[in-house]
Every structure is written in C-alpha cells, then in structure tokens.
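K.L.:
My file is entry_19.pdb. It has PDB, C-alpha atoms:
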```pdb
ATOM      1  CA  MET A   1      10.266 -11.666 -30.935  1.00  0.00           C
ATOM      2  CA  LYS A   2      10.936  -9.959 -27.620  1.00  0.00           C
ATOM      3  CA  VAL A   3      10.026  -6.602 -26.086  1.00  0.00           C
ATOM      4  CA  ASN A   4      11.414  -4.977 -22.950  1.00  0.00           C
ATOM      5  CA  VAL A   5       8.873  -3.404 -20.597  1.00  0.00           C
ATOM      6  CA  ASN A   6       9.803  -1.000 -17.797  1.00  0.00           C
ATOM      7  CA  SER A   7       6.443  -0.020 -16.281  1.00  0.00           C
ATOM      8  CA  ALA A   8       2.836  -1.026 -15.825  1.00  0.00           C
ATOM      9  CA  ARG A   9       1.918   1.777 -18.254  1.00  0.00           C
ATOM     10  CA  GLU A  10       4.148   0.263 -20.938  1.00  0.00           C
ATOM     11  CA  MET A  11       2.525  -3.118 -20.295  1.00  0.00           C
ATOM     12  CA  GLN A  12      -0.901  -1.566 -20.808  1.00  0.00           C
ATOM     13  CA  ASN A  13       0.336   0.133 -23.993  1.00  0.00           C
ATOM     14  CA  ILE A  14       1.317  -3.278 -25.344  1.00  0.00           C
ATOM     15  CA  GLY A  15      -2.174  -4.450 -24.432  1.00  0.00           C
ATOM     16  CA  ALA A  16      -3.556  -1.519 -26.434  1.00  0.00           C
ATOM     17  CA  ALA A  17      -1.446  -2.540 -29.452  1.00  0.00           C
ATOM     18  CA  ILE A  18      -2.827  -6.065 -29.121  1.00  0.00           C
ATOM     19  CA  ALA A  19      -6.404  -4.728 -29.023  1.00  0.00           C
ATOM     20  CA  ASP A  20      -5.844  -2.366 -31.953  1.00  0.00           C
ATOM     21  CA  THR A  21      -4.732  -5.258 -34.167  1.00  0.00           C
ATOM     22  CA  ALA A  22      -6.970  -8.062 -32.848  1.00  0.00           C
ATOM     23  CA  GLN A  23      -9.674  -9.642 -34.982  1.00  0.00           C
ATOM     24  CA  ALA A  24     -12.726 -11.725 -34.172  1.00  0.00           C
ATOM     25  CA  HIS A  25     -11.809 -15.303 -33.185  1.00  0.00           C
ATOM     26  CA  ASP A  26      -8.241 -14.428 -32.148  1.00  0.00           C
ATOM     27  CA  LEU A  27      -6.841 -16.485 -29.278  1.00  0.00           C
ATOM     28  CA  LEU A  28      -4.194 -15.002 -26.992  1.00  0.00           C
ATOM     29  CA  LEU A  29      -2.441 -17.202 -24.440  1.00  0.00           C
ATOM     30  CA  LEU A  30      -0.630 -15.486 -21.560  1.00  0.00           C
ATOM     31  CA  ASN A  31       2.124 -17.219 -19.615  1.00  0.00           C
ATOM     32  CA  GLY A  32       4.082 -15.900 -16.657  1.00  0.00           C
ATOM     33  CA  ASP A  33       4.507 -16.272 -12.933  1.00  0.00           C
ATOM     34  CA  LEU A  34       2.029 -14.841 -10.455  1.00  0.00           C
ATOM     35  CA  GLY A  35       2.325 -11.074 -10.559  1.00  0.00           C
ATOM     36  CA  ALA A  36       4.157 -11.045 -13.894  1.00  0.00           C
ATOM     37  CA  GLY A  37       1.661  -8.653 -15.487  1.00  0.00           C
ATOM     38  CA  LYS A  38      -0.818 -10.851 -17.351  1.00  0.00           C
ATOM     39  CA  THR A  39      -3.855  -9.027 -15.986  1.00  0.00           C
ATOM     40  CA  THR A  40      -2.167  -5.633 -16.409  1.00  0.00           C
ATOM     41  CA  LEU A  41      -1.659  -6.485 -20.084  1.00  0.00           C
ATOM     42  CA  THR A  42      -5.311  -7.526 -20.362  1.00  0.00           C
ATOM     43  CA  GLN A  43      -6.396  -4.260 -18.737  1.00  0.00           C
ATOM     44  CA  GLY A  44      -4.618  -2.438 -21.566  1.00  0.00           C
ATOM     45  CA  ILE A  45      -6.480  -4.613 -24.062  1.00  0.00           C
ATOM     46  CA  GLY A  46      -9.807  -3.867 -22.379  1.00  0.00           C
ATOM     47  CA  SER A  47      -9.225  -0.142 -22.229  1.00  0.00           C
ATOM     48  CA  ALA A  48      -8.302   0.011 -25.919  1.00  0.00           C
ATOM     49  CA  LEU A  49     -11.390  -2.046 -26.795  1.00  0.00           C
ATOM     50  CA  GLY A  50     -13.546   0.566 -25.061  1.00  0.00           C
ATOM     51  CA  ILE A  51     -14.461  -1.332 -21.912  1.00  0.00           C
ATOM     52  CA  LYS A  52     -15.513   1.242 -19.323  1.00  0.00           C
ATOM     53  CA  ARG A  53     -15.738  -1.000 -16.250  1.00  0.00           C
ATOM     54  CA  PRO A  54     -12.632  -2.355 -14.505  1.00  0.00           C
ATOM     55  CA  VAL A  55     -10.994  -5.367 -16.138  1.00  0.00           C
ATOM     56  CA  LYS A  56     -10.245  -7.652 -13.216  1.00  0.00           C
ATOM     57  CA  SER A  57      -8.451 -10.943 -12.837  1.00  0.00           C
ATOM     58  CA  PRO A  58     -10.806 -13.883 -13.366  1.00  0.00           C
ATOM     59  CA  THR A  59      -8.801 -16.101 -11.001  1.00  0.00           C
ATOM     60  CA  PHE A  60     -11.792 -16.923  -8.816  1.00  0.00           C
ATOM     61  CA  THR A  61     -14.516 -16.748 -11.467  1.00  0.00           C
ATOM     62  CA  ILE A  62     -12.552 -18.526 -14.253  1.00  0.00           C
ATOM     63  CA  VAL A  63     -14.140 -16.326 -16.962  1.00  0.00           C
ATOM     64  CA  ARG A  64     -14.996 -12.630 -17.186  1.00  0.00           C
ATOM     65  CA  GLU A  65     -17.011 -11.507 -20.183  1.00  0.00           C
ATOM     66  CA  TYR A  66     -16.926  -8.010 -21.651  1.00  0.00           C
ATOM     67  CA  PRO A  67     -19.446  -8.166 -24.514  1.00  0.00           C
ATOM     68  CA  GLU A  68     -19.812  -4.381 -24.624  1.00  0.00           C
ATOM     69  CA  ALA A  69     -16.359  -3.914 -26.130  1.00  0.00           C
ATOM     70  CA  ARG A  70     -15.730  -2.936 -29.772  1.00  0.00           C
ATOM     71  CA  LEU A  71     -14.582  -6.553 -30.064  1.00  0.00           C
ATOM     72  CA  PRO A  72     -16.049  -8.706 -27.276  1.00  0.00           C
ATOM     73  CA  LEU A  73     -13.389  -9.779 -24.787  1.00  0.00           C
ATOM     74  CA  PHE A  74     -13.482 -13.110 -22.966  1.00  0.00           C
ATOM     75  CA  HIS A  75     -10.814 -13.129 -20.249  1.00  0.00           C
ATOM     76  CA  MET A  76     -10.095 -16.535 -18.688  1.00  0.00           C
ATOM     77  CA  ASP A  77      -7.787 -17.672 -15.926  1.00  0.00           C
ATOM     78  CA  PHE A  78      -7.285 -21.408 -15.461  1.00  0.00           C
ATOM     79  CA  TYR A  79      -4.896 -21.167 -12.498  1.00  0.00           C
ATOM     80  CA  ARG A  80      -7.462 -22.614 -10.098  1.00  0.00           C
ATOM     81  CA  LEU A  81      -9.034 -25.084 -12.530  1.00  0.00           C
ATOM     82  CA  GLU A  82      -9.157 -28.468 -10.835  1.00  0.00           C
ATOM     83  CA  ASN A  83      -7.959 -31.566 -12.715  1.00  0.00           C
ATOM     84  CA  ASP A  84      -8.212 -29.804 -16.096  1.00  0.00           C
ATOM     85  CA  ASP A  85     -12.012 -29.969 -15.642  1.00  0.00           C
ATOM     86  CA  LEU A  86     -13.606 -27.626 -18.149  1.00  0.00           C
ATOM     87  CA  SER A  87     -17.141 -28.879 -17.490  1.00  0.00           C
ATOM     88  CA  SER A  88     -18.027 -25.635 -15.711  1.00  0.00           C
ATOM     89  CA  ILE A  89     -17.389 -23.532 -18.828  1.00  0.00           C
ATOM     90  CA  ASP A  90     -18.046 -23.944 -22.543  1.00  0.00           C
ATOM     91  CA  LEU A  91     -14.545 -23.232 -23.852  1.00  0.00           C
ATOM     92  CA  ASN A  92     -15.437 -24.243 -27.411  1.00  0.00           C
ATOM     93  CA  GLY A  93     -18.422 -21.902 -27.285  1.00  0.00           C
ATOM     94  CA  TYR A  94     -16.185 -18.984 -26.353  1.00  0.00           C
ATOM     95  CA  LEU A  95     -13.707 -19.891 -29.090  1.00  0.00           C
ATOM     96  CA  THR A  96     -16.468 -19.729 -31.721  1.00  0.00           C
ATOM     97  CA  GLU A  97     -17.743 -16.330 -30.532  1.00  0.00           C
ATOM     98  CA  PRO A  98     -16.683 -13.394 -32.740  1.00  0.00           C
ATOM     99  CA  GLY A  99     -14.483 -11.907 -30.043  1.00  0.00           C
ATOM    100  CA  LEU A 100     -11.002 -12.019 -28.547  1.00  0.00           C
ATOM    101  CA  VAL A 101     -10.282 -14.834 -26.095  1.00  0.00           C
ATOM    102  CA  VAL A 102      -7.448 -14.176 -23.622  1.00  0.00           C
ATOM    103  CA  ILE A 103      -6.368 -17.116 -21.463  1.00  0.00           C
ATOM    104  CA  GLU A 104      -4.061 -16.882 -18.458  1.00  0.00           C
ATOM    105  CA  TRP A 105      -2.417 -20.152 -17.351  1.00  0.00           C
ATOM    106  CA  PRO A 106      -3.263 -21.907 -20.647  1.00  0.00           C
ATOM    107  CA  GLU A 107      -0.952 -24.847 -19.974  1.00  0.00           C
ATOM    108  CA  VAL A 108      -3.706 -26.308 -17.779  1.00  0.00           C
ATOM    109  CA  VAL A 109      -5.935 -26.790 -20.849  1.00  0.00           C
ATOM    110  CA  GLN A 110      -3.363 -26.734 -23.677  1.00  0.00           C
ATOM    111  CA  ALA A 111      -4.466 -30.099 -25.094  1.00  0.00           C
ATOM    112  CA  GLN A 112      -8.009 -28.760 -25.539  1.00  0.00           C
ATOM    113  CA  LEU A 113      -7.025 -25.578 -27.379  1.00  0.00           C
ATOM    114  CA  PRO A 114      -6.787 -24.997 -31.126  1.00  0.00           C
ATOM    115  CA  GLN A 115      -3.406 -25.400 -32.822  1.00  0.00           C
ATOM    116  CA  GLU A 116      -3.255 -21.740 -33.857  1.00  0.00           C
ATOM    117  CA  PHE A 117      -2.855 -18.932 -31.315  1.00  0.00           C
ATOM    118  CA  LEU A 118      -0.587 -16.124 -30.224  1.00  0.00           C
ATOM    119  CA  GLN A 119       1.288 -16.974 -27.046  1.00  0.00           C
ATOM    120  CA  ILE A 120       2.922 -14.302 -24.939  1.00  0.00           C
ATOM    121  CA  THR A 121       5.309 -15.152 -22.129  1.00  0.00           C
ATOM    122  CA  ILE A 122       6.060 -12.464 -19.553  1.00  0.00           C
ATOM    123  CA  LYS A 123       9.258 -12.819 -17.532  1.00  0.00           C
ATOM    124  CA  ARG A 124      10.496 -10.699 -14.662  1.00  0.00           C
ATOM    125  CA  VAL A 125      13.889  -9.119 -15.246  1.00  0.00           C
ATOM    126  CA  ASP A 126      14.738  -9.128 -11.532  1.00  0.00           C
ATOM    127  CA  ASP A 127      13.227 -10.359  -8.298  1.00  0.00           C
ATOM    128  CA  SER A 128      12.915  -7.120  -6.333  1.00  0.00           C
ATOM    129  CA  TRP A 129       9.370  -6.844  -5.004  1.00  0.00           C
ATOM    130  CA  ASP A 130       8.617  -3.494  -6.637  1.00  0.00           C
ATOM    131  CA  SER A 131      10.259  -4.037 -10.020  1.00  0.00           C
ATOM    132  CA  THR A 132       8.101  -3.539 -13.100  1.00  0.00           C
ATOM    133  CA  LYS A 133      10.822  -4.547 -15.561  1.00  0.00           C
ATOM    134  CA  ARG A 134       9.743  -7.420 -17.781  1.00  0.00           C
ATOM    135  CA  ILE A 135      10.668  -9.155 -21.006  1.00  0.00           C
ATOM    136  CA  ILE A 136       7.728 -10.122 -23.184  1.00  0.00           C
ATOM    137  CA  GLU A 137       8.218 -12.867 -25.738  1.00  0.00           C
ATOM    138  CA  PHE A 138       5.779 -13.362 -28.623  1.00  0.00           C
ATOM    139  CA  GLU A 139       5.368 -16.917 -29.919  1.00  0.00           C
ATOM    140  CA  PRO A 140       2.850 -17.052 -32.782  1.00  0.00           C
ATOM    141  CA  GLN A 141       1.415 -20.336 -34.007  1.00  0.00           C
ATOM    142  CA  GLY A 142      -0.050 -20.143 -37.515  1.00  0.00           C
ATOM    143  CA  GLN A 143       0.049 -17.570 -40.307  1.00  0.00           C
ATOM    144  CA  ARG A 144      -2.645 -15.257 -38.896  1.00  0.00           C
ATOM    145  CA  ASN A 145      -0.885 -15.115 -35.537  1.00  0.00           C
ATOM    146  CA  LYS A 146       2.522 -14.494 -37.088  1.00  0.00           C
ATOM    147  CA  ALA A 147       1.049 -11.527 -38.972  1.00  0.00           C
ATOM    148  CA  TRP A 148      -0.733 -10.383 -35.796  1.00  0.00           C
ATOM    149  CA  ALA A 149       2.477 -10.474 -33.762  1.00  0.00           C
ATOM    150  CA  GLU A 150       4.256  -8.469 -36.463  1.00  0.00           C
ATOM    151  CA  GLN A 151       1.460  -5.865 -36.439  1.00  0.00           C
ATOM    152  CA  ILE A 152       1.652  -5.589 -32.654  1.00  0.00           C
ATOM    153  CA  LEU A 153       5.438  -5.189 -32.688  1.00  0.00           C
ATOM    154  CA  SER A 154       5.206  -2.582 -35.438  1.00  0.00           C
ATOM    155  CA  LEU A 155       2.697  -0.528 -33.410  1.00  0.00           C
ATOM    156  CA  ILE A 156       4.850  -0.795 -30.290  1.00  0.00           C
ATOM    157  CA  ALA A 157       7.908   0.408 -32.224  1.00  0.00           C
ATOM    158  CA  LYS A 158       5.990   3.408 -33.593  1.00  0.00           C
ATOM    159  CA  LYS A 159       4.873   4.461 -30.097  1.00  0.00           C
ATOM    160  CA  LYS A 160       8.379   4.375 -28.587  1.00  0.00           C
TER     161      LYS A 160
END
```
Would you write the structure of this file as structure tokens?
P.N.:
Amino acid sequence: MKVNVNSAREMQNIGAAIADTAQAHDLLLLNGDLGAGKTTLTQGIGSALGIKRPVKSPTFTIVREYPEARLPLFHMDFYRLENDDLSSIDLNGYLTEPGLVVIEWPEVVQAQLPQEFLQITIKRVDDSWDSTKRIIEFEPQGQRNKAWAEQILSLIAKKK
C-alpha cells in the first residue's frame, strides 16, 4: 500500500486522515531518513485531533504529550535514545493510555513494542534539497491495523 506525496500540505492531509480514523490504543510507527517528513505527518495528525499548540519534534525531549486532543496524542522520537535505554520513560504506560501513540525511529525499541501496529515508511523520491516529493508505504501488522490502513487510504483517495 503506497501513496505518492508532492508537498508538505499533502503530507499533513495524510496525517489528518490518520487522525480521523485513529482509535484509542492505536500505535503508529514512523520510519524515514532525517527530514523525510515524519514530524510534518504528525503535525497533520495533531491539527486534525484539535491540538491548538504547535506539534514539535520530540527529538530532544523523547516524548511530547498532547492530552488536550480529541484523542490524546503521545509523540515519541527515539533517535537520540542511548543504548535502547527506556528507563527514562514508561513506554508501557503510554501504550495502555486511551490515546494514539506515534513513534519516530521505532527500530531502536522494536523488540519492546507490541506485535500489532501500523508502520509507515516515508521515502524521498529524489535528493534535491528542496524536494517535497515522497512515497509513503503502509505496512499494517494485525487485523485492526490492516483495517485502519484501508480506512486511511480510502479517505486519502476521496480527498484527491
């Protein structure tokens, strides 16, 4: 399941489709190089969930919480996590909260994550510094996440 993206606005629209179809306890894993658009996608999620303050990258804080959203959003970035050490955060606690957990750089903690999730990989189409062209690949694990991915793709198709 792949989608072509040509702008930051389109990336945020995909984030909105994700938010519009998300349910409590959903887990979204975001993969992609630095600058691929993971945070831009999450900003679209936050906006659609009704978050009024800026949704920023949690690279230096590891976790940013947005409990005021229609569905609480827990945005995590494990890029700077040292030695897979999760002792500074209660990952299992976040996963049991009735919200949406979005994790950037999940491969750092993959062994400690549940078996069921929706994984999205964002790839640059070209290497020019100002290009916003991307290919987004959806890789659902589990029945709920397969249905979720289908809902997201259906919403995206309707908006095009």
K.L.:
Specify as a ChimeraX atom specification each residue included when the PyMOL selection byres ((chain A and resi 11) around 12) is applied to this file.
P.N.:
/A:3-10,12-18,36-45,122,132-136,156
K.L.:
Counting all atoms listed in the file, figure out which residue out of A:Leu29, A:Val55, A:Ala48, A:Ala69 gets nearest to A:Pro98.
P.N.:
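Residue with the minimum atom-to-atom distance to A:Pro98: A:Ala69.
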K.L.:
Tell me, as a PyMOL selection string, which residues lie within 12 Å of A:Gly93, counting only C-alpha atoms; anything in the same chain fewer than 5 positions away does not count.
P.N.:
chain A and resi 25+74+86+98-99+101+113
K.L.:
For the atom pair atom CA of A:Gln119 and atom CA of A:Leu30, what is the interatomic distance in Å to one decimal place?
P.N.:
6.0 Å
K.L.:
Just checking: using only C-alpha atoms, which residue out of A:Tyr94, A:Phe117, A:Trp105, A:Tyr66 ends up closest to A:Arg80?
P.N.:
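Counting only C-alpha atoms, the residue closest to A:Arg80 is A:Trp105.
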K.L.:
Under the rule that only C-alpha atoms are counted, which of A:Asn145, A:Gln115, A:Gln110, A:Ser154 is the nearest residue to A:Ala22?
P.N.:
A:Asn145
K.L.:
Between A:Ile51, A:Ala149, A:Leu27, A:Leu155, single out the one closest to A:Val102, counting all atoms listed in the file.
P.N.:
A:Leu27
K.L.:
Have a look at atom CA of A:Gln151 and atom CA of A:Leu49 and let me know their distance in Å, one decimal.
P.N.:
16.5 Å
K.L.:
Padding 6 Å on each side, edges along x, y and z: where is the centre of the box around the listed atoms of stretch 36-43 of chain A, and how long are its edges in Å to one decimal? Output it as JSON.
P.N.:
```
{"center_x": -1.1, "center_y": -7.7, "center_z": -17.1, "size_x": 22.6, "size_y": 18.8, "size_z": 18.5}
```
K.L.:
Which residue is closest to A:Phe78? Choose from A:Thr61, A:Thr121, A:Gln112, A:Thr21 and count all atoms listed in the file.
P.N.:
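Looking at the shortest contact to A:Phe78, the residue is A:Thr61.
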K.L.:
Kindly provide, as a list in words, the polymer residues lying within 7 Å of (-11.4, -2.0, -28.4), counting all atoms listed in the file and using the coordinates exactly as they appear in the file.
P.N.:
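Applying the cut-off with all atoms listed in the file, one gets Ala19, Asp20, Gly46, Ser47, Ala48, Leu49, Gly50, Ala69, Arg70 and Leu71 of chain A.
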K.L.:
Taking 6 positions as the minimum chain separation for residues in the same chain, which residues sit within 9 Å of A:Arg144 when counting all atoms listed in the file? Answer as a ChimeraX atom specification.
P.N.:
/A:26,116-118
K.L.:
Atom CA of A:Glu137 to atom CA of A:Ile120: how many Å, to one decimal?
P.N.:
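Atom CA of A:Ile120 lies 5.5 Å from atom CA of A:Glu137.
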K.L.:
Between A:Ile152, A:Arg124, A:Pro67, A:Glu97, single out the one closest to A:Lys52, counting all atoms listed in the file.
P.N.:
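Once distances to A:Lys52 are computed over all atoms listed in the file, the minimum belongs to A:Pro67.
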K.L.:
Given the file above and the PyMOL selection byres ((chain A and resi 62) around 9), which residues are selected, and can you give them as a ChimeraX atom specification?
P.N.:
/A:57-61,63-64,75-81,89
K.L.:
With all heavy atoms as the target, complete stretch 45-56 of chain A and hand it back as a PDB file, in the frame of the given file.
P.N.:
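And here's part-v4.pdb as it stands now:
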```
ATOM      1  N   ILE A  45      -5.635  -4.131 -22.969  1.00  0.00           N
ATOM      2  CA  ILE A  45      -6.480  -4.613 -24.062  1.00  0.00           C
ATOM      3  C   ILE A  45      -7.902  -4.092 -23.873  1.00  0.00           C
ATOM      4  O   ILE A  45      -8.498  -3.529 -24.791  1.00  0.00           O
ATOM      5  CB  ILE A  45      -6.477  -6.161 -24.123  1.00  0.00           C
ATOM      6  CG1 ILE A  45      -5.097  -6.687 -24.515  1.00  0.00           C
ATOM      7  CG2 ILE A  45      -7.557  -6.669 -25.084  1.00  0.00           C
ATOM      8  CD1 ILE A  45      -4.924  -8.194 -24.363  1.00  0.00           C
ATOM      9  N   GLY A  46      -8.432  -4.282 -22.668  1.00  0.00           N
ATOM     10  CA  GLY A  46      -9.807  -3.867 -22.379  1.00  0.00           C
ATOM     11  C   GLY A  46     -10.030  -2.381 -22.576  1.00  0.00           C
ATOM     12  O   GLY A  46     -11.026  -1.956 -23.171  1.00  0.00           O
ATOM     13  N   SER A  47      -9.112  -1.589 -22.090  1.00  0.00           N
ATOM     14  CA  SER A  47      -9.225  -0.142 -22.229  1.00  0.00           C
ATOM     15  C   SER A  47      -9.258   0.269 -23.702  1.00  0.00           C
ATOM     16  O   SER A  47     -10.089   1.067 -24.125  1.00  0.00           O
ATOM     17  CB  SER A  47      -8.065   0.535 -21.505  1.00  0.00           C
ATOM     18  OG  SER A  47      -8.143   1.928 -21.645  1.00  0.00           O
ATOM     19  N   ALA A  48      -8.357  -0.320 -24.494  1.00  0.00           N
ATOM     20  CA  ALA A  48      -8.302   0.011 -25.919  1.00  0.00           C
ATOM     21  C   ALA A  48      -9.526  -0.497 -26.681  1.00  0.00           C
ATOM     22  O   ALA A  48      -9.893   0.070 -27.706  1.00  0.00           O
ATOM     23  CB  ALA A  48      -7.028  -0.556 -26.533  1.00  0.00           C
ATOM     24  N   LEU A  49     -10.167  -1.543 -26.168  1.00  0.00           N
ATOM     25  CA  LEU A  49     -11.390  -2.046 -26.795  1.00  0.00           C
ATOM     26  C   LEU A  49     -12.624  -1.237 -26.390  1.00  0.00           C
ATOM     27  O   LEU A  49     -13.712  -1.491 -26.884  1.00  0.00           O
ATOM     28  CB  LEU A  49     -11.610  -3.526 -26.450  1.00  0.00           C
ATOM     29  CG  LEU A  49     -10.658  -4.520 -27.096  1.00  0.00           C
ATOM     30  CD1 LEU A  49     -10.929  -5.929 -26.574  1.00  0.00           C
ATOM     31  CD2 LEU A  49     -10.761  -4.479 -28.620  1.00  0.00           C
ATOM     32  N   GLY A  50     -12.437  -0.290 -25.468  1.00  0.00           N
ATOM     33  CA  GLY A  50     -13.546   0.566 -25.061  1.00  0.00           C
ATOM     34  C   GLY A  50     -14.339   0.076 -23.868  1.00  0.00           C
ATOM     35  O   GLY A  50     -15.445   0.554 -23.615  1.00  0.00           O
ATOM     36  N   ILE A  51     -13.778  -0.845 -23.112  1.00  0.00           N
ATOM     37  CA  ILE A  51     -14.461  -1.332 -21.912  1.00  0.00           C
ATOM     38  C   ILE A  51     -14.356  -0.264 -20.839  1.00  0.00           C
ATOM     39  O   ILE A  51     -13.264   0.176 -20.500  1.00  0.00           O
ATOM     40  CB  ILE A  51     -13.849  -2.670 -21.443  1.00  0.00           C
ATOM     41  CG1 ILE A  51     -14.059  -3.736 -22.522  1.00  0.00           C
ATOM     42  CG2 ILE A  51     -14.458  -3.105 -20.118  1.00  0.00           C
ATOM     43  CD1 ILE A  51     -13.278  -5.005 -22.286  1.00  0.00           C
ATOM     44  N   LYS A  52     -15.486   0.153 -20.309  1.00  0.00           N
ATOM     45  CA  LYS A  52     -15.513   1.242 -19.323  1.00  0.00           C
ATOM     46  C   LYS A  52     -15.375   0.750 -17.890  1.00  0.00           C
ATOM     47  O   LYS A  52     -14.882   1.448 -17.029  1.00  0.00           O
ATOM     48  CB  LYS A  52     -16.815   2.046 -19.447  1.00  0.00           C
ATOM     49  CG  LYS A  52     -17.024   2.645 -20.824  1.00  0.00           C
ATOM     50  CD  LYS A  52     -15.967   3.665 -21.156  1.00  0.00           C
ATOM     51  CE  LYS A  52     -16.237   4.311 -22.506  1.00  0.00           C
ATOM     52  NZ  LYS A  52     -15.047   4.705 -23.193  1.00  0.00           N
ATOM     53  N   ARG A  53     -15.838  -0.463 -17.611  1.00  0.00           N
ATOM     54  CA  ARG A  53     -15.738  -1.000 -16.250  1.00  0.00           C
ATOM     55  C   ARG A  53     -14.354  -1.605 -16.028  1.00  0.00           C
ATOM     56  O   ARG A  53     -13.641  -1.895 -16.987  1.00  0.00           O
ATOM     57  CB  ARG A  53     -16.845  -2.010 -15.988  1.00  0.00           C
ATOM     58  CG  ARG A  53     -16.866  -3.182 -16.918  1.00  0.00           C
ATOM     59  CD  ARG A  53     -18.132  -4.022 -16.698  1.00  0.00           C
ATOM     60  NE  ARG A  53     -18.335  -4.938 -17.802  1.00  0.00           N
ATOM     61  CZ  ARG A  53     -18.408  -6.244 -17.674  1.00  0.00           C
ATOM     62  NH1 ARG A  53     -18.324  -6.798 -16.478  1.00  0.00           N
ATOM     63  NH2 ARG A  53     -18.594  -7.010 -18.722  1.00  0.00           N
ATOM     64  N   PRO A  54     -13.963  -1.800 -14.778  1.00  0.00           N
ATOM     65  CA  PRO A  54     -12.632  -2.355 -14.505  1.00  0.00           C
ATOM     66  C   PRO A  54     -12.476  -3.771 -15.071  1.00  0.00           C
ATOM     67  O   PRO A  54     -13.382  -4.592 -14.952  1.00  0.00           O
ATOM     68  CB  PRO A  54     -12.551  -2.383 -12.977  1.00  0.00           C
ATOM     69  CG  PRO A  54     -13.598  -1.441 -12.502  1.00  0.00           C
ATOM     70  CD  PRO A  54     -14.677  -1.440 -13.547  1.00  0.00           C
ATOM     71  N   VAL A  55     -11.345  -4.014 -15.690  1.00  0.00           N
ATOM     72  CA  VAL A  55     -10.994  -5.367 -16.138  1.00  0.00           C
ATOM     73  C   VAL A  55     -10.226  -5.988 -14.987  1.00  0.00           C
ATOM     74  O   VAL A  55      -9.142  -5.530 -14.637  1.00  0.00           O
ATOM     75  CB  VAL A  55     -10.156  -5.324 -17.438  1.00  0.00           C
ATOM     76  CG1 VAL A  55      -9.647  -6.713 -17.791  1.00  0.00           C
ATOM     77  CG2 VAL A  55     -10.975  -4.737 -18.579  1.00  0.00           C
ATOM     78  N   LYS A  56     -10.826  -7.013 -14.400  1.00  0.00           N
ATOM     79  CA  LYS A  56     -10.245  -7.652 -13.216  1.00  0.00           C
ATOM     80  C   LYS A  56      -9.781  -9.062 -13.535  1.00  0.00           C
ATOM     81  O   LYS A  56     -10.241  -9.679 -14.494  1.00  0.00           O
ATOM     82  CB  LYS A  56     -11.301  -7.743 -12.105  1.00  0.00           C
ATOM     83  CG  LYS A  56     -11.837  -6.411 -11.649  1.00  0.00           C
ATOM     84  CD  LYS A  56     -12.883  -6.642 -10.574  1.00  0.00           C
ATOM     85  CE  LYS A  56     -13.589  -5.366 -10.185  1.00  0.00           C
ATOM     86  NZ  LYS A  56     -14.664  -5.614  -9.229  1.00  0.00           N
TER      87      LYS A  56
END
```
